[in-house]
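Have a look at the structure below before the remarks.
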Amino acid sequence: MADHYFSAEPGSADVRRTVEARIWGREYTFTTATGVFSRDRLDIGTAVLLREVDPPTGTGTYLDLGTGYGPIACALAVEAPKAEVWAVDVNTRALELTAENAQRAGVGDRVHAVLPDAVPEEVWFSQIWSNPAIHIGKPELHKMLLFWLGRLAPGGVAWFVVGKNLGGDSLQRWLTDQGYPCERTGSAKGFRVLRATNPGSSPS
């Protein structure tokens with residue numbers, strides 16, 4: 001059976017290559033591999049997200065949810081040199097690549113590439129960035145998003161990119177209905193860029 005990029009332990013041979021990407025005006029070289037999402041290039045959805053949204057520049061704790069080989073996590077850490085970035089994925093090969101790519105980008109000490117259960121309970125996020133794995137199915141997607149949005153600090157912002165034909169508009173409505181007011185801030189190449197916020201009170 002073929003690997004999915006959301007397989008925990010890809011069974012395919014670990015065949016690696018490098019891809020080039022320009023993110024927020026900087027050039028990057030990333031190592032990718034078989035069994036990892038969009039191994040041949042920076043995928044279109046992620047490229048749209050990073051083009052439509054300005055990078056954070058201050059302090060904070062950021063989450064790259066479904067990091068893949070780490071382009072979002074690396075770029076966040078480079079643009080915000082005082083921030084900590086948690087890069088979460090269920091795919092162990094992706095996490096290995098993210099750590100390697102963060103080292104290459106000079107931010108290996110601030111990019112924490114870990115399985116979901118390895119994020120300490122006391123960590124809250126000022127921003128969440130994600131090109132979420134829509135293909136895991138709506139029930140699992142909603143469960144995942146609610147879990148991590150529950151770790152979004154009051155006043156925090158979550159950025160998502162979702163294909164229009166994969167439910168981007170319905171996801172916007174669903175997020176608002178769950179108590180995370182959501183607006184569409186961009187649309188390009190068939191993708192919606194969504195901005196959700198946590199208007200709640202401070203965590204106890």
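Residue numbering restarts at 1 in every chain; chains get A, B, ... in the order shown in the structure tokens, and ligands count up from 1 in that same order.
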
Give the alpha helix (DSSP H) residues of segment 43-199 of chain A, as assigned by DSSP on the backbone, as a ChimeraX atom specification.
/A:44-52,71-79,92-104,138-149,168-177

Within 7 Å of Thr59 of chain A, counting only C-alpha atoms, which residues show up once you throw out same-chain ones fewer than 3 positions away? Write them as a ChimeraX atom specification, please.
/A:80,82-83

Mind giving me the straight-line distance from atom CA of Val48 of chain A to atom CA of Ala153 of chain A in Å, one decimal?
25.2 Å

Closest of A:Lys164, A:Arg22, A:Arg93, A:His135 to Val36 of chain A - atom-to-atom distances counting only C-alpha atoms
A:Arg93

Point out the residue among A:Thr176, A:Asn198, A:Thr98, A:Thr34 with the least atom-to-atom distance to Leu152 of chain A, counting only C-alpha atoms.
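Of A:Thr176, A:Asn198, A:Thr98, A:Thr34, the one nearest Leu152 of chain A is A:Asn198, counting only C-alpha atoms.
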
Identify, on the basis of only C-alpha atoms, every residue whose closest approach to segment 116-118 of chain A does not exceed 12 Å; exclude the query and any residue fewer than 5 positions from it along the same chain; express the result as a VMD selection string.
chain A and resid 8 63 to 67 86 to 92 95 123 144 147 to 148

Residues of segment 103-187 of chain A in strand (DSSP E) according to DSSP, as number ranges by chain?
A: 111-114, 125-130, 152-163, 182-187

Skipping near chain neighbours, those fewer than 2 positions away, what residues fall within 9 Å of Thr46 of chain A using only C-alpha atoms, listed as a ChimeraX atom specification?
/A:42-44,48-51,71-72,130-131,161

Measuring between only C-alpha atoms, which one of A:Val85, A:Leu194, A:Ala47, A:Leu97 shows the shortest distance to Gly68 of chain A?
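Closest candidate: A:Leu97.
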
Between A:Leu149, A:Phe30, A:Gly163, A:Val107, which is the closest to Leu175 of chain A once you count only C-alpha atoms?
A:Leu149

Under the rule that only C-alpha atoms are counted, which of A:Leu146, A:Leu171, A:Ala188, A:Val119 is the nearest residue to Gly45 of chain A?
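Looking only at the distances to Gly45 of chain A, the closest residue turns out to be A:Ala188.
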